[in-house]
Amino acid sequence: MKKENNAWQWAAHIVMALFSLSCLLPFLLLMMSSLTEEKSILRNGYSFFPEQFSLLAYRYLWEQSSLIFNAYGITVLITVVGTTASLIITSMLAYPLSRRDLPGGTFFAFMLFFTLLFNGGLVPTYLVYTQIFHIKNTLWALIIPGLLMNGFNAMLMRTFFKTTIPVPVLESASMDGAGEFKMYYKIVLPLSLPILATVGLFQGLPIGMIGTTA
């Protein structure tokens, strides 16, 4: 019985190893293609064993290194600044909505939920950012549109605050003289790292993709 289990384990390991290697094959093909003469690729197609080696692709990357590093720098800047600003704005919107004693909280929560169902559309949004805010052809055009465009993240964070943050802790802090803003960044944010990481991932990937394509 033990030998049969060992055999199955070895077979499973071999199969998983083959699957893992198959995932590496596209990267290997890409690397070999970067070392292949362009005319050879056009003539014979892609191959793991190129007929004519060439370093022209890497020479081109070296010659355009300043442009490439500048593009990556903009991508990193947009991703970091945009994600951080989005988390701050989203959490500052979700925290008041999670408070049961907020006057008109149900109405504001409904208005936020309403944006998940209906929005102005792409053309009005474009006109607002270009004709009113005048951020066309600027870095702000890659950051600002993504800050409050996703009501789902705000609702997700609001639900987390409402169900996870202990109300007695907030009440005790309020009795000790802590204001709302102090409770927000001293208590709520430290206890909300899981949802901040999740929403940050949801928000950071689209922003990074926008910065890369731009």
# chains A, B, ... in the order shown; residues from 1 in each chain; ligands from 1
call {"tool": "select_by_dssp", "arguments": {"residues": "range 57-191 of chain A", "states": "alpha helix (DSSP H)", "output": "PyMOL selection string"}}
result
chain A and resi 57-63+65-98+105-117+122-127+140-143+151-164+167-175+180-183+189-191
call {"tool": "atom_distance", "arguments": {"atom1": "CA of Thr115 in chain A", "atom2": "CA of Gly151 in chain A"}}
result
6.6 Å
call {"tool": "residues_around", "arguments": {"residues": "Leu42 in chain A", "least_positions_apart": "5", "cutoff": "12 Å", "atoms": "only C-alpha atoms", "output": "MDAnalysis selection string"}}
result
chainID A and resid 33 36:37 47 50:52
call {"tool": "write_last_selection", "arguments": {"atoms": "N, CA, C and O atoms", "output": "tab-separated table (two decimals), in the first residue's frame"}}
result
chain	number	residue	atom	x	y	z
A	33	SER	N	13.95	34.09	-29.55
A	33	SER	CA	13.57	34.95	-30.67
A	33	SER	C	14.30	36.28	-30.60
A	33	SER	O	14.62	36.88	-31.63
A	36	THR	N	17.57	36.05	-32.37
A	36	THR	CA	17.50	35.57	-33.74
A	36	THR	C	17.43	36.74	-34.71
A	36	THR	O	16.80	37.77	-34.42
A	37	GLU	N	18.06	36.59	-35.85
A	37	GLU	CA	18.00	37.60	-36.90
A	37	GLU	C	16.56	37.79	-37.36
A	37	GLU	O	15.80	36.82	-37.51
A	47	SER	N	11.54	29.76	-33.60
A	47	SER	CA	12.13	28.45	-33.34
A	47	SER	C	12.96	28.51	-32.07
A	47	SER	O	13.50	29.56	-31.71
A	50	PRO	N	17.50	28.91	-33.27
A	50	PRO	CA	17.61	29.87	-34.37
A	50	PRO	C	18.77	29.55	-35.30
A	50	PRO	O	19.81	29.06	-34.88
A	51	GLU	N	18.55	29.85	-36.59
A	51	GLU	CA	19.59	29.62	-37.58
A	51	GLU	C	20.65	30.72	-37.54
A	51	GLU	O	21.85	30.43	-37.68
A	52	GLN	N	20.23	31.95	-37.38
A	52	GLN	CA	21.15	33.09	-37.38
A	52	GLN	C	20.99	33.88	-36.08
A	52	GLN	O	19.91	34.40	-35.80
call {"tool": "residues_around", "arguments": {"residues": "Tyr95 in chain A", "least_positions_apart": "4", "cutoff": "10 Å", "atoms": "only C-alpha atoms", "output": "ChimeraX atom specification"}}
result
/A:90-91,99,154,157-162,180,184,188-189
call {"tool": "closest_residue", "arguments": {"among": "A:Ile144, A:Ile68, A:Ile195, A:Val167", "to": "Val128 in chain A", "atoms": "only C-alpha atoms"}}
result
A:Ile144
call {"tool": "closest_residue", "arguments": {"among": "A:Ile135, A:Leu117, A:Leu77, A:Ala141", "to": "Gly204 in chain A", "atoms": "only C-alpha atoms"}}
result
A:Leu77
call {"tool": "decode", "arguments": {"residues": "range 36-70 of chain A", "atoms": "N, CA, C and O atoms", "output": "PDB file, in the first residue's frame"}}
result
ATOM      1  N   THR A  36      17.568  36.050 -32.369  1.00  0.00           N
ATOM      2  CA  THR A  36      17.495  35.567 -33.745  1.00  0.00           C
ATOM      3  C   THR A  36      17.427  36.737 -34.708  1.00  0.00           C
ATOM      4  O   THR A  36      16.800  37.767 -34.418  1.00  0.00           O
ATOM      5  N   GLU A  37      18.061  36.590 -35.852  1.00  0.00           N
ATOM      6  CA  GLU A  37      18.000  37.602 -36.904  1.00  0.00           C
ATOM      7  C   GLU A  37      16.557  37.785 -37.360  1.00  0.00           C
ATOM      8  O   GLU A  37      15.797  36.820 -37.508  1.00  0.00           O
ATOM      9  N   GLU A  38      16.157  39.030 -37.554  1.00  0.00           N
ATOM     10  CA  GLU A  38      14.770  39.319 -37.920  1.00  0.00           C
ATOM     11  C   GLU A  38      14.391  38.671 -39.244  1.00  0.00           C
ATOM     12  O   GLU A  38      13.283  38.137 -39.388  1.00  0.00           O
ATOM     13  N   LYS A  39      15.273  38.685 -40.225  1.00  0.00           N
ATOM     14  CA  LYS A  39      14.969  38.085 -41.519  1.00  0.00           C
ATOM     15  C   LYS A  39      14.778  36.581 -41.396  1.00  0.00           C
ATOM     16  O   LYS A  39      13.950  35.993 -42.096  1.00  0.00           O
ATOM     17  N   SER A  40      15.531  35.968 -40.476  1.00  0.00           N
ATOM     18  CA  SER A  40      15.376  34.534 -40.263  1.00  0.00           C
ATOM     19  C   SER A  40      14.012  34.208 -39.672  1.00  0.00           C
ATOM     20  O   SER A  40      13.398  33.201 -40.024  1.00  0.00           O
ATOM     21  N   ILE A  41      13.529  35.067 -38.782  1.00  0.00           N
ATOM     22  CA  ILE A  41      12.194  34.845 -38.203  1.00  0.00           C
ATOM     23  C   ILE A  41      11.120  35.001 -39.273  1.00  0.00           C
ATOM     24  O   ILE A  41      10.170  34.210 -39.342  1.00  0.00           O
ATOM     25  N   LEU A  42      11.271  36.021 -40.129  1.00  0.00           N
ATOM     26  CA  LEU A  42      10.289  36.229 -41.189  1.00  0.00           C
ATOM     27  C   LEU A  42      10.305  35.087 -42.195  1.00  0.00           C
ATOM     28  O   LEU A  42       9.265  34.739 -42.765  1.00  0.00           O
ATOM     29  N   ARG A  43      11.471  34.504 -42.388  1.00  0.00           N
ATOM     30  CA  ARG A  43      11.586  33.446 -43.385  1.00  0.00           C
ATOM     31  C   ARG A  43      11.174  32.076 -42.838  1.00  0.00           C
ATOM     32  O   ARG A  43      10.454  31.319 -43.491  1.00  0.00           O
ATOM     33  N   ASN A  44      11.587  31.769 -41.610  1.00  0.00           N
ATOM     34  CA  ASN A  44      11.371  30.422 -41.067  1.00  0.00           C
ATOM     35  C   ASN A  44      10.412  30.378 -39.883  1.00  0.00           C
ATOM     36  O   ASN A  44      10.039  29.298 -39.430  1.00  0.00           O
ATOM     37  N   GLY A  45      10.045  31.539 -39.381  1.00  0.00           N
ATOM     38  CA  GLY A  45       9.175  31.548 -38.213  1.00  0.00           C
ATOM     39  C   GLY A  45       9.968  31.408 -36.922  1.00  0.00           C
ATOM     40  O   GLY A  45      11.207  31.333 -36.924  1.00  0.00           O
ATOM     41  N   TYR A  46       9.266  31.368 -35.812  1.00  0.00           N
ATOM     42  CA  TYR A  46       9.908  31.268 -34.504  1.00  0.00           C
ATOM     43  C   TYR A  46      10.401  29.842 -34.267  1.00  0.00           C
ATOM     44  O   TYR A  46       9.765  28.860 -34.670  1.00  0.00           O
ATOM     45  N   SER A  47      11.536  29.757 -33.601  1.00  0.00           N
ATOM     46  CA  SER A  47      12.133  28.450 -33.340  1.00  0.00           C
ATOM     47  C   SER A  47      12.958  28.511 -32.065  1.00  0.00           C
ATOM     48  O   SER A  47      13.499  29.565 -31.707  1.00  0.00           O
ATOM     49  N   PHE A  48      13.023  27.369 -31.376  1.00  0.00           N
ATOM     50  CA  PHE A  48      13.873  27.280 -30.189  1.00  0.00           C
ATOM     51  C   PHE A  48      15.346  27.179 -30.560  1.00  0.00           C
ATOM     52  O   PHE A  48      16.216  27.373 -29.702  1.00  0.00           O
ATOM     53  N   PHE A  49      15.616  26.885 -31.825  1.00  0.00           N
ATOM     54  CA  PHE A  49      17.004  26.742 -32.290  1.00  0.00           C
ATOM     55  C   PHE A  49      17.192  27.645 -33.505  1.00  0.00           C
ATOM     56  O   PHE A  49      17.017  27.219 -34.650  1.00  0.00           O
ATOM     57  N   PRO A  50      17.502  28.913 -33.267  1.00  0.00           N
ATOM     58  CA  PRO A  50      17.608  29.872 -34.374  1.00  0.00           C
ATOM     59  C   PRO A  50      18.765  29.545 -35.299  1.00  0.00           C
ATOM     60  O   PRO A  50      19.812  29.059 -34.878  1.00  0.00           O
ATOM     61  N   GLU A  51      18.548  29.846 -36.591  1.00  0.00           N
ATOM     62  CA  GLU A  51      19.591  29.617 -37.582  1.00  0.00           C
ATOM     63  C   GLU A  51      20.652  30.720 -37.539  1.00  0.00           C
ATOM     64  O   GLU A  51      21.847  30.435 -37.678  1.00  0.00           O
ATOM     65  N   GLN A  52      20.230  31.953 -37.377  1.00  0.00           N
ATOM     66  CA  GLN A  52      21.153  33.086 -37.376  1.00  0.00           C
ATOM     67  C   GLN A  52      20.992  33.877 -36.076  1.00  0.00           C
ATOM     68  O   GLN A  52      19.915  34.401 -35.796  1.00  0.00           O
ATOM     69  N   PHE A  53      22.058  33.929 -35.293  1.00  0.00           N
ATOM     70  CA  PHE A  53      22.033  34.684 -34.042  1.00  0.00           C
ATOM     71  C   PHE A  53      22.276  36.163 -34.329  1.00  0.00           C
ATOM     72  O   PHE A  53      23.010  36.534 -35.238  1.00  0.00           O
ATOM     73  N   SER A  54      21.633  36.996 -33.529  1.00  0.00           N
ATOM     74  CA  SER A  54      21.785  38.434 -33.685  1.00  0.00           C
ATOM     75  C   SER A  54      21.513  39.112 -32.343  1.00  0.00           C
ATOM     76  O   SER A  54      20.636  38.693 -31.579  1.00  0.00           O
ATOM     77  N   LEU A  55      22.266  40.178 -32.071  1.00  0.00           N
ATOM     78  CA  LEU A  55      22.083  40.967 -30.856  1.00  0.00           C
ATOM     79  C   LEU A  55      21.548  42.357 -31.162  1.00  0.00           C
ATOM     80  O   LEU A  55      21.644  43.263 -30.335  1.00  0.00           O
ATOM     81  N   LEU A  56      20.938  42.504 -32.337  1.00  0.00           N
ATOM     82  CA  LEU A  56      20.425  43.810 -32.725  1.00  0.00           C
ATOM     83  C   LEU A  56      19.284  44.266 -31.813  1.00  0.00           C
ATOM     84  O   LEU A  56      19.126  45.468 -31.559  1.00  0.00           O
ATOM     85  N   ALA A  57      18.485  43.323 -31.342  1.00  0.00           N
ATOM     86  CA  ALA A  57      17.373  43.696 -30.455  1.00  0.00           C
ATOM     87  C   ALA A  57      17.902  44.305 -29.167  1.00  0.00           C
ATOM     88  O   ALA A  57      17.387  45.329 -28.688  1.00  0.00           O
ATOM     89  N   TYR A  58      18.954  43.704 -28.591  1.00  0.00           N
ATOM     90  CA  TYR A  58      19.524  44.229 -27.360  1.00  0.00           C
ATOM     91  C   TYR A  58      20.301  45.526 -27.613  1.00  0.00           C
ATOM     92  O   TYR A  58      20.366  46.389 -26.739  1.00  0.00           O
ATOM     93  N   ARG A  59      20.868  45.634 -28.806  1.00  0.00           N
ATOM     94  CA  ARG A  59      21.530  46.890 -29.162  1.00  0.00           C
ATOM     95  C   ARG A  59      20.513  48.014 -29.240  1.00  0.00           C
ATOM     96  O   ARG A  59      20.778  49.141 -28.778  1.00  0.00           O
ATOM     97  N   TYR A  60      19.343  47.722 -29.808  1.00  0.00           N
ATOM     98  CA  TYR A  60      18.291  48.730 -29.897  1.00  0.00           C
ATOM     99  C   TYR A  60      17.812  49.127 -28.495  1.00  0.00           C
ATOM    100  O   TYR A  60      17.583  50.312 -28.219  1.00  0.00           O
ATOM    101  N   LEU A  61      17.657  48.139 -27.603  1.00  0.00           N
ATOM    102  CA  LEU A  61      17.239  48.446 -26.234  1.00  0.00           C
ATOM    103  C   LEU A  61      18.269  49.319 -25.526  1.00  0.00           C
ATOM    104  O   LEU A  61      17.913  50.226 -24.761  1.00  0.00           O
ATOM    105  N   TRP A  62      19.540  49.047 -25.772  1.00  0.00           N
ATOM    106  CA  TRP A  62      20.582  49.850 -25.140  1.00  0.00           C
ATOM    107  C   TRP A  62      20.569  51.284 -25.670  1.00  0.00           C
ATOM    108  O   TRP A  62      20.731  52.236 -24.915  1.00  0.00           O
ATOM    109  N   GLU A  63      20.356  51.432 -26.974  1.00  0.00           N
ATOM    110  CA  GLU A  63      20.324  52.768 -27.564  1.00  0.00           C
ATOM    111  C   GLU A  63      19.104  53.562 -27.100  1.00  0.00           C
ATOM    112  O   GLU A  63      19.159  54.794 -27.005  1.00  0.00           O
ATOM    113  N   GLN A  64      18.009  52.868 -26.817  1.00  0.00           N
ATOM    114  CA  GLN A  64      16.775  53.525 -26.367  1.00  0.00           C
ATOM    115  C   GLN A  64      16.577  53.375 -24.864  1.00  0.00           C
ATOM    116  O   GLN A  64      15.440  53.481 -24.385  1.00  0.00           O
ATOM    117  N   SER A  65      17.661  53.141 -24.137  1.00  0.00           N
ATOM    118  CA  SER A  65      17.534  52.871 -22.702  1.00  0.00           C
ATOM    119  C   SER A  65      16.935  54.044 -21.937  1.00  0.00           C
ATOM    120  O   SER A  65      16.125  53.851 -21.030  1.00  0.00           O
ATOM    121  N   SER A  66      17.325  55.261 -22.302  1.00  0.00           N
ATOM    122  CA  SER A  66      16.781  56.427 -21.586  1.00  0.00           C
ATOM    123  C   SER A  66      15.269  56.528 -21.772  1.00  0.00           C
ATOM    124  O   SER A  66      14.527  56.813 -20.819  1.00  0.00           O
ATOM    125  N   LEU A  67      14.802  56.278 -22.976  1.00  0.00           N
ATOM    126  CA  LEU A  67      13.365  56.330 -23.242  1.00  0.00           C
ATOM    127  C   LEU A  67      12.621  55.225 -22.506  1.00  0.00           C
ATOM    128  O   LEU A  67      11.534  55.443 -21.950  1.00  0.00           O
ATOM    129  N   ILE A  68      13.221  54.041 -22.459  1.00  0.00           N
ATOM    130  CA  ILE A  68      12.577  52.899 -21.804  1.00  0.00           C
ATOM    131  C   ILE A  68      12.515  53.119 -20.299  1.00  0.00           C
ATOM    132  O   ILE A  68      11.475  52.901 -19.665  1.00  0.00           O
ATOM    133  N   PHE A  69      13.624  53.570 -19.703  1.00  0.00           N
ATOM    134  CA  PHE A  69      13.627  53.819 -18.262  1.00  0.00           C
ATOM    135  C   PHE A  69      12.669  54.957 -17.897  1.00  0.00           C
ATOM    136  O   PHE A  69      12.037  54.925 -16.834  1.00  0.00           O
ATOM    137  N   ASN A  70      12.559  55.952 -18.764  1.00  0.00           N
ATOM    138  CA  ASN A  70      11.614  57.030 -18.518  1.00  0.00           C
ATOM    139  C   ASN A  70      10.175  56.508 -18.527  1.00  0.00           C
ATOM    140  O   ASN A  70       9.352  56.896 -17.679  1.00  0.00           O
TER     141      ASN A  70
END
